[in-house]
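Shown next: input_31.cif, containing mmCIF, C-alpha atoms.
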data_model
loop_
_atom_site.label_atom_id
_atom_site.label_comp_id
_atom_site.auth_asym_id
_atom_site.auth_seq_id
_atom_site.Cartn_x
_atom_site.Cartn_y
_atom_site.Cartn_z
CA MET A 1 -0.60 11.01 12.69
CA ARG A 2 0.96 8.00 14.38
CA SER A 3 -0.83 8.70 17.64
CA THR A 4 -4.12 7.94 15.85
CA ARG A 5 -3.14 4.55 14.40
CA HIS A 6 -6.07 2.17 14.31
CA ILE A 7 -5.52 -1.13 16.07
CA ALA A 8 -7.64 -3.60 14.12
CA SER A 9 -6.38 -6.87 15.56
CA LYS A 10 -3.68 -8.56 17.62
CA GLU A 11 -2.35 -10.46 14.61
CA LYS A 12 1.41 -10.59 14.11
CA ILE A 13 3.18 -11.18 10.83
CA TYR A 14 6.76 -11.75 9.75
CA ILE A 15 8.72 -9.50 7.43
CA TYR A 16 12.07 -10.63 6.08
CA GLY A 17 15.19 -9.38 4.36
CA LYS A 18 17.56 -6.53 5.22
CA HIS A 19 15.81 -3.98 3.02
CA ALA A 20 12.35 -4.53 4.52
CA LEU A 21 13.65 -4.29 8.08
CA MET A 22 15.69 -1.15 7.35
CA GLU A 23 12.63 0.54 5.81
CA ALA A 24 10.57 -0.30 8.88
CA LEU A 25 13.28 0.94 11.23
CA GLN A 26 13.71 4.21 9.35
CA HIS A 27 10.04 5.05 8.81
CA THR A 28 7.72 3.09 11.14
CA PRO A 29 9.77 1.58 13.98
CA HIS A 30 6.67 1.61 16.19
CA CYS A 31 5.29 -1.39 14.24
CA LEU A 32 8.26 -3.64 15.08
CA LEU A 33 7.85 -6.11 17.93
CA LYS A 34 10.94 -8.32 17.69
CA ALA A 35 13.80 -9.15 15.32
CA PHE A 36 15.59 -12.43 14.65
CA LEU A 37 19.14 -12.02 13.32
CA ALA A 38 21.57 -14.64 12.10
CA PRO A 39 24.64 -14.76 14.39
CA ASP A 40 26.97 -14.12 11.44
CA LEU A 41 25.05 -11.02 10.28
CA HIS A 42 27.57 -8.17 10.15
CA ASP A 43 25.37 -5.16 9.50
CA THR A 44 26.31 -2.49 12.00
CA ALA A 45 23.81 0.07 10.66
CA LEU A 46 20.88 -2.31 11.04
CA ARG A 47 21.93 -3.44 14.50
CA ALA A 48 22.46 0.18 15.58
CA LEU A 49 18.92 1.15 14.53
CA LEU A 50 17.47 -1.85 16.35
CA GLU A 51 19.29 -0.75 19.48
CA LYS A 52 18.29 2.89 19.02
CA HIS A 53 14.60 2.00 18.83
CA ARG A 54 14.92 -0.61 21.58
CA ILE A 55 13.60 -3.45 19.44
CA PRO A 56 14.18 -6.80 21.17
CA THR A 57 16.45 -9.11 19.19
CA THR A 58 17.29 -12.77 19.37
CA ALA A 59 19.63 -15.06 17.47
CA LEU A 60 18.16 -16.76 14.44
CA ALA A 61 19.07 -20.40 14.90
CA SER A 62 20.12 -22.37 11.83
CA GLY A 63 17.03 -23.63 10.02
CA LYS A 64 14.60 -21.66 12.15
CA GLY A 65 14.07 -19.04 9.47
CA ASN A 66 12.60 -21.63 7.13
CA GLY A 67 10.08 -22.56 9.78
CA LEU A 68 9.04 -18.93 10.28
CA VAL A 69 8.73 -17.69 6.69
CA GLY A 70 8.97 -20.77 4.47
CA LYS A 71 11.86 -22.78 3.09
CA ASP A 72 11.87 -21.03 -0.29
CA THR A 73 11.98 -17.52 1.18
CA LYS A 74 15.27 -15.61 0.93
CA HIS A 75 15.33 -13.92 4.30
CA GLN A 76 19.07 -13.05 4.33
CA GLY A 77 19.32 -14.00 7.98
CA VAL A 78 16.92 -11.19 8.94
CA ILE A 79 13.33 -11.76 10.10
CA ALA A 80 11.16 -9.48 12.19
CA ILE A 81 7.71 -9.61 13.75
CA ILE A 82 5.48 -6.62 13.13
CA ASP A 83 2.00 -5.67 14.22
CA PRO A 84 0.27 -4.96 10.86
CA ALA A 85 -2.53 -3.04 12.56
CA SER A 86 0.01 -0.43 13.67
CA LEU A 87 0.60 0.43 10.01
CA LEU A 88 -3.05 1.22 9.36
CA VAL A 89 -4.47 4.73 9.57
CA PRO A 90 -8.19 5.37 10.24
CA LEU A 91 -9.98 6.97 7.30
CA GLU A 92 -11.20 10.02 9.21
CA SER A 93 -7.77 11.05 10.48
CA PHE A 94 -6.22 10.33 7.08
CA LEU A 95 -8.71 12.59 5.30
CA ALA A 96 -8.21 15.30 7.92
CA SER A 97 -4.47 15.26 7.17
CA LEU A 98 -4.85 15.87 3.42
CA ASP A 99 -4.43 19.23 1.75
CA LEU A 100 -7.31 18.96 -0.70
CA THR A 101 -6.31 22.17 -2.45
CA ARG A 102 -3.43 20.19 -3.99
CA ASN A 103 -5.87 17.74 -5.62
CA PRO A 104 -4.28 14.60 -4.13
CA ALA A 105 -4.95 11.07 -5.33
CA VAL A 106 -5.55 7.81 -3.46
CA ALA A 107 -5.82 4.17 -4.48
CA VAL A 108 -8.82 2.16 -3.28
CA LEU A 109 -8.43 -1.61 -3.30
CA GLY A 110 -11.61 -3.42 -4.22
CA GLU A 111 -11.17 -7.07 -3.25
CA VAL A 112 -7.64 -7.50 -4.63
CA GLN A 113 -6.73 -11.02 -3.57
CA ASP A 114 -3.12 -11.59 -4.64
CA PRO A 115 -0.70 -10.26 -1.99
CA HIS A 116 1.91 -9.63 -4.68
CA ASN A 117 -0.57 -7.39 -6.51
CA VAL A 118 -1.38 -5.55 -3.30
CA GLY A 119 2.31 -4.98 -2.62
CA ALA A 120 2.98 -3.87 -6.19
CA ILE A 121 0.07 -1.41 -6.07
CA ILE A 122 1.40 0.03 -2.81
CA ARG A 123 4.84 0.40 -4.40
CA SER A 124 3.43 2.14 -7.47
CA ALA A 125 1.25 4.44 -5.38
CA ALA A 126 4.33 5.53 -3.42
CA ALA A 127 6.43 5.88 -6.57
CA PHE A 128 3.97 8.15 -8.34
CA GLY A 129 3.12 10.41 -5.44
CA LEU A 130 -0.29 9.20 -4.33
CA SER A 131 -1.28 10.18 -0.81
CA GLY A 132 -2.42 6.79 0.44
CA VAL A 133 -3.77 3.31 -0.28
CA LEU A 134 -7.22 2.48 1.12
CA ILE A 135 -7.58 -1.17 2.13
CA PRO A 136 -10.89 -2.81 3.12
CA ARG A 137 -10.92 -5.01 6.21
CA ARG A 138 -12.92 -7.78 4.50
CA HIS A 139 -12.78 -9.66 1.18
CA GLN A 140 -9.30 -8.31 0.60
CA ALA A 141 -5.75 -9.65 0.89
CA PRO A 142 -4.43 -8.23 4.20
CA ILE A 143 -1.01 -6.78 4.92
CA THR A 144 1.40 -9.71 5.17
CA GLY A 145 5.11 -10.33 4.82
CA ALA A 146 4.58 -11.12 1.14
CA VAL A 147 2.78 -7.78 0.65
CA VAL A 148 5.59 -5.89 2.39
CA LYS A 149 8.19 -7.72 0.28
CA ALA A 150 6.33 -7.01 -2.97
CA SER A 151 6.03 -3.35 -1.99
CA SER A 152 9.84 -3.18 -1.68
CA GLY A 153 9.39 -1.64 1.75
CA MET A 154 7.03 1.10 0.51
CA ALA A 155 4.36 -0.23 2.87
CA PHE A 156 6.36 1.60 5.55
CA ARG A 157 6.48 4.88 3.60
CA ILE A 158 2.98 5.58 2.30
CA PRO A 159 -0.12 5.70 4.52
CA LEU A 160 -2.14 2.49 4.44
CA VAL A 161 -5.71 3.39 5.33
CA THR A 162 -8.11 0.90 6.86
CA ILE A 163 -11.69 1.13 5.60
CA GLY A 164 -14.91 -0.81 6.07
CA ASN A 165 -17.48 -0.84 3.30
CA VAL A 166 -15.99 0.37 0.01
CA ASN A 167 -19.19 2.09 -1.14
CA ALA A 168 -19.58 3.97 2.14
CA THR A 169 -15.94 5.03 1.80
CA LEU A 170 -16.59 6.33 -1.71
CA ALA A 171 -19.47 8.40 -0.37
CA ALA A 172 -17.16 9.90 2.27
CA LEU A 173 -14.56 10.68 -0.40
CA LYS A 174 -17.17 12.36 -2.60
CA GLU A 175 -18.19 14.57 0.32
CA LYS A 176 -14.58 15.76 0.42
CA GLY A 177 -14.64 16.58 -3.28
CA PHE A 178 -12.98 13.46 -4.66
CA TRP A 179 -13.76 12.32 -8.20
CA ILE A 180 -14.10 8.53 -8.27
CA TYR A 181 -12.49 6.59 -11.11
CA GLY A 182 -12.98 2.87 -11.66
CA LEU A 183 -10.28 1.04 -13.61
CA SER A 184 -12.02 -1.09 -16.22
CA MET A 185 -11.02 -2.59 -19.56
CA LYS A 186 -14.47 -1.42 -20.77
CA GLY A 187 -14.07 2.05 -19.32
CA THR A 188 -15.78 4.89 -21.18
CA LEU A 189 -13.03 7.43 -20.45
CA VAL A 190 -9.72 6.76 -22.20
CA LEU A 191 -6.72 7.31 -19.97
CA GLY A 192 -4.94 10.50 -20.96
CA SER A 193 -8.09 12.44 -21.83
CA ASP A 194 -8.85 13.63 -18.29
CA ALA A 195 -7.11 16.58 -16.65
CA PHE A 196 -7.37 15.09 -13.14
CA ASP A 197 -8.12 18.59 -11.86
CA ALA A 198 -9.89 17.45 -8.68
CA PRO A 199 -8.92 15.08 -5.85
CA ALA A 200 -8.93 11.60 -7.39
CA ALA A 201 -9.69 8.13 -6.06
CA PHE A 202 -8.71 5.20 -8.29
CA ILE A 203 -10.49 1.90 -7.62
CA ILE A 204 -8.63 -1.30 -8.50
CA GLY A 205 -10.95 -4.29 -8.59
CA ASN A 206 -10.60 -8.02 -8.12
CA GLU A 207 -8.12 -9.76 -10.43
CA GLY A 208 -10.81 -12.00 -11.94
CA SER A 209 -14.16 -10.27 -11.62
CA GLY A 210 -13.06 -6.65 -11.55
CA ILE A 211 -14.95 -3.95 -9.68
CA ARG A 212 -18.26 -5.00 -8.11
CA ASP A 213 -21.37 -3.74 -9.91
CA LYS A 214 -22.60 -1.63 -6.98
CA THR A 215 -19.18 -0.04 -6.61
CA MET A 216 -19.06 0.65 -10.34
CA GLU A 217 -22.37 2.50 -10.03
CA ASN A 218 -20.72 4.83 -7.52
CA CYS A 219 -17.91 5.77 -9.91
CA ASP A 220 -17.98 9.18 -11.55
CA ALA A 221 -16.02 7.77 -14.49
CA THR A 222 -14.51 4.50 -15.65
CA LEU A 223 -10.99 4.54 -17.05
CA SER A 224 -9.69 2.33 -19.84
CA ILE A 225 -6.07 2.05 -20.91
CA PRO A 226 -5.42 2.21 -24.65
CA MET A 227 -3.37 -0.77 -25.80
CA HIS A 228 -2.55 -2.88 -28.83
CA PRO A 229 -5.49 -5.08 -29.93
CA ARG A 230 -3.42 -8.24 -29.58
CA THR A 231 -3.56 -7.77 -25.78
CA GLU A 232 -6.90 -8.18 -24.05
CA SER A 233 -5.95 -6.70 -20.69
CA LEU A 234 -3.27 -5.95 -18.12
CA ASN A 235 -3.22 -7.36 -14.62
CA ALA A 236 -4.47 -5.30 -11.70
CA ALA A 237 -1.09 -4.10 -10.46
CA VAL A 238 0.20 -3.14 -13.92
CA SER A 239 -3.03 -1.30 -14.76
CA ALA A 240 -2.79 0.62 -11.51
CA ALA A 241 0.82 1.60 -12.22
CA VAL A 242 -0.08 2.91 -15.68
CA VAL A 243 -2.95 5.00 -14.30
CA PHE A 244 -0.88 6.33 -11.39
CA TYR A 245 1.86 7.35 -13.80
CA GLU A 246 -0.61 9.24 -16.00
CA TRP A 247 -2.00 11.02 -12.92
CA SER A 248 1.52 11.98 -11.81
CA HIS A 249 2.22 13.31 -15.31
CA LYS A 250 -0.61 15.80 -14.70
CA HIS A 251 0.63 16.44 -11.13
CA PRO A 252 4.46 16.56 -11.28
CA GLU A 253 4.51 18.39 -7.94
CA ALA A 254 3.39 15.16 -6.26
CA LEU A 255 6.72 13.57 -7.14
CA ARG A 256 8.55 16.20 -5.11
CA GLU A 257 6.51 15.82 -1.94
CA GLU A 258 7.00 13.50 1.02
CA SER A 259 4.10 11.05 0.72
CA ARG A 260 4.06 9.67 4.26
CA SER A 261 2.78 12.03 6.90
CA GLN A 262 5.21 12.79 9.66
CA PRO A 263 4.33 12.51 13.37
#

Re-express the file's structure as structure tokens.
Amino acid sequence: MRSTRHIASKEKIYIYGKHALMEALQHTPHCLLKAFLAPDLHDTALRALLEKHRIPTTALASGKGNGLVGKDTKHQGVIAIIDPASLLVPLESFLASLDLTRNPAVAVLGEVQDPHNVGAIIRSAAAFGLSGVLIPRRHQAPITGAVVKASSGMAFRIPLVTIGNVNATLAALKEKGFWIYGLSMKGTLVLGSDAFDAPAAFIIGNEGSGIRDKTMENCDATLSIPMHPRTESLNAAVSAAVVFYEWSHKHPEALREESRSQP
């Protein structure tokens, strides 16, 4: 699938920390443009992978890391530049790669603004065996170093799918047989009561306003999470994790499959 990566822009972003760079080197080295390493970094495995994939490296001068990723960021003497567009898969090629007979599930982000929520949703989607995370190009937090960090490197393991209009995307998913679920605290379908016996798309809306009205109209069902009355709601990322877990409970085979497509 990597030969069909969609190049959306020439933007470059920084990722940081040993774990994030190792995940990128092991799963998507094509997205790496350059690495900055502290001179006293003694990590032979990391340096060997950088050399293997011919990633240019340069010494990270004292204090320079703070200028690149912020003074409060714990970068561990490891910072890299990636091309975020190289992580994004076009919707058409992503859908063509799916085995719909297995009733896969995807997450659809609907104007999620907090990069930490985006990263956490990506991490949960990977953890519970979803096939991909669909990310709109507009009105949505983009892939950044903070998103990669919050995903614990899972942004390099699960397909991130670039989409345009969310409602047009839902129409395309429906044509493929997907059942569209909107996550809503006022949902009419209580989580746990559905068999999830068709391909599923779970929409996670904006942290404050939720799913847009027009998008909600395109949902086949709205899901609510049963909870103690003393709690009004869960945040977007936690809600997504709970729903993904329930889906995986109905599809335990998804936890045994490799979620990221191989080249």

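Distance annotation: of A:Asn103, A:Thr57, A:Gln113, A:Thr162, the residue with the minimal separation from Lys250 (chain A) is A:Asn103; atom set is only C-alpha atoms.
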
Inset, instruction - Find the distance between CA of Ile203 (chain A) and CA of Tyr16 (chain A) and write it in Å to one decimal. - result: 29.2 Å

Translate the PyMOL selection byres ((chain A and resi 88) around 7) into a concrete residue list for this structure, as a PDB file with C-alpha atoms, in the coordinates of the input.
ATOM      1  CA  ARG A   5      -3.140   4.550  14.400  1.00  0.00           C
ATOM      2  CA  HIS A   6      -6.070   2.170  14.310  1.00  0.00           C
ATOM      3  CA  ALA A  85      -2.530  -3.040  12.560  1.00  0.00           C
ATOM      4  CA  SER A  86       0.010  -0.430  13.670  1.00  0.00           C
ATOM      5  CA  LEU A  87       0.600   0.430  10.010  1.00  0.00           C
ATOM      6  CA  VAL A  89      -4.470   4.730   9.570  1.00  0.00           C
ATOM      7  CA  PRO A  90      -8.190   5.370  10.240  1.00  0.00           C
ATOM      8  CA  LEU A 160      -2.140   2.490   4.440  1.00  0.00           C
ATOM      9  CA  VAL A 161      -5.710   3.390   5.330  1.00  0.00           C
ATOM     10  CA  THR A 162      -8.110   0.900   6.860  1.00  0.00           C
TER      11      THR A 162
END

Legend entry - One-decimal distance in Å that lies between CA of Ala241 (chain A) and CA of Asp83 (chain A): 27.4 Å

Inset, instruction - Find the spatial neighbours of Thr73 (chain A), counting only C-alpha atoms, within a cut-off of 10 Å - ignore same-chain residues fewer than 5 positions away - and output them as a ChimeraX atom specification. - result: /A:16-17,65-66,68,146

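Taken over the whole file, the PyMOL selection byres ((chain A and resi 252-256) around 10) covers exactly Arg102, Asn103, Pro104, Ala105, Ala126, Ala127, Phe128, Gly129, Leu130, Ser131, Tyr245, Trp247, Ser248, His249, Lys250, His251, Glu257, Glu258 and Ser259 of chain A.
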
Inset, instruction - Select, counting all atoms listed in the file, all protein, DNA and RNA residues no farther than 10 Å from (11.1, -4.1, -4.3) in file coordinates, and express the selection as a PyMOL selection string. - result: chain A and resi 19-20+119-120+123+148-154

Inset, instruction - Just the residues within 12 Å of Arg47 (chain A), please, counting only C-alpha atoms, with nothing from its chain fewer than 4 positions along; format it as number ranges by chain. - result: A: 18, 21-22, 25, 35-39, 41-43, 51-58, 78

How about completing region 101-126 of chain A with N, CA and C atoms and giving it to me as a CSV table (one decimal), in the coordinates of the input?
chain,number,residue,atom,x,y,z
A,101,THR,N,-6.5,21.1,-1.4
A,101,THR,CA,-6.3,22.2,-2.4
A,101,THR,C,-5.2,21.7,-3.5
A,102,ARG,N,-4.5,20.7,-3.1
A,102,ARG,CA,-3.4,20.2,-4.0
A,102,ARG,C,-4.0,19.1,-4.9
A,103,ASN,N,-5.3,18.8,-4.8
A,103,ASN,CA,-5.9,17.7,-5.6
A,103,ASN,C,-5.1,16.4,-5.5
A,104,PRO,N,-5.0,15.9,-4.3
A,104,PRO,CA,-4.3,14.6,-4.1
A,104,PRO,C,-5.0,13.4,-4.8
A,105,ALA,N,-4.3,12.3,-4.8
A,105,ALA,CA,-5.0,11.1,-5.3
A,105,ALA,C,-4.7,9.9,-4.3
A,106,VAL,N,-5.7,9.0,-4.3
A,106,VAL,CA,-5.6,7.8,-3.5
A,106,VAL,C,-5.9,6.6,-4.3
A,107,ALA,N,-5.4,5.4,-3.9
A,107,ALA,CA,-5.8,4.2,-4.5
A,107,ALA,C,-6.8,3.5,-3.5
A,108,VAL,N,-7.8,2.9,-4.1
A,108,VAL,CA,-8.8,2.2,-3.3
A,108,VAL,C,-8.8,0.7,-3.8
A,109,LEU,N,-8.4,-0.2,-2.9
A,109,LEU,CA,-8.4,-1.6,-3.3
A,109,LEU,C,-9.8,-2.2,-3.2
A,110,GLY,N,-10.3,-2.8,-4.2
A,110,GLY,CA,-11.6,-3.4,-4.2
A,110,GLY,C,-11.6,-4.9,-4.4
A,111,GLU,N,-11.2,-5.6,-3.3
A,111,GLU,CA,-11.2,-7.1,-3.2
A,111,GLU,C,-10.0,-7.6,-4.1
A,112,VAL,N,-8.9,-7.0,-4.0
A,112,VAL,CA,-7.6,-7.5,-4.6
A,112,VAL,C,-7.1,-8.7,-3.8
A,113,GLN,N,-7.0,-9.8,-4.4
A,113,GLN,CA,-6.7,-11.0,-3.6
A,113,GLN,C,-5.3,-11.5,-3.5
A,114,ASP,N,-4.5,-11.1,-4.6
A,114,ASP,CA,-3.1,-11.6,-4.6
A,114,ASP,C,-2.2,-10.6,-3.8
A,115,PRO,N,-1.5,-11.1,-2.8
A,115,PRO,CA,-0.7,-10.3,-2.0
A,115,PRO,C,0.4,-9.6,-2.8
A,116,HIS,N,0.9,-10.2,-3.8
A,116,HIS,CA,1.9,-9.6,-4.7
A,116,HIS,C,1.3,-8.4,-5.5
A,117,ASN,N,0.1,-8.5,-5.9
A,117,ASN,CA,-0.6,-7.4,-6.5
A,117,ASN,C,-0.8,-6.3,-5.5
A,118,VAL,N,-1.2,-6.6,-4.3
A,118,VAL,CA,-1.4,-5.6,-3.3
A,118,VAL,C,-0.1,-4.8,-3.0
A,119,GLY,N,1.0,-5.6,-2.9
A,119,GLY,CA,2.3,-5.0,-2.6
A,119,GLY,C,2.8,-4.1,-3.8
A,120,ALA,N,2.6,-4.6,-5.0
A,120,ALA,CA,3.0,-3.9,-6.2
A,120,ALA,C,2.2,-2.6,-6.3
A,121,ILE,N,0.9,-2.6,-6.0
A,121,ILE,CA,0.1,-1.4,-6.1
A,121,ILE,C,0.5,-0.4,-5.0
A,122,ILE,N,0.9,-0.9,-3.8
A,122,ILE,CA,1.4,0.0,-2.8
A,122,ILE,C,2.7,0.7,-3.3
A,123,ARG,N,3.6,-0.1,-3.9
A,123,ARG,CA,4.8,0.4,-4.4
A,123,ARG,C,4.6,1.5,-5.5
A,124,SER,N,3.7,1.2,-6.4
A,124,SER,CA,3.4,2.1,-7.5
A,124,SER,C,2.8,3.4,-6.9
A,125,ALA,N,1.9,3.3,-6.0
A,125,ALA,CA,1.2,4.4,-5.4
A,125,ALA,C,2.3,5.3,-4.7
A,126,ALA,N,3.3,4.7,-4.0
A,126,ALA,CA,4.3,5.5,-3.4
A,126,ALA,C,5.2,6.2,-4.5
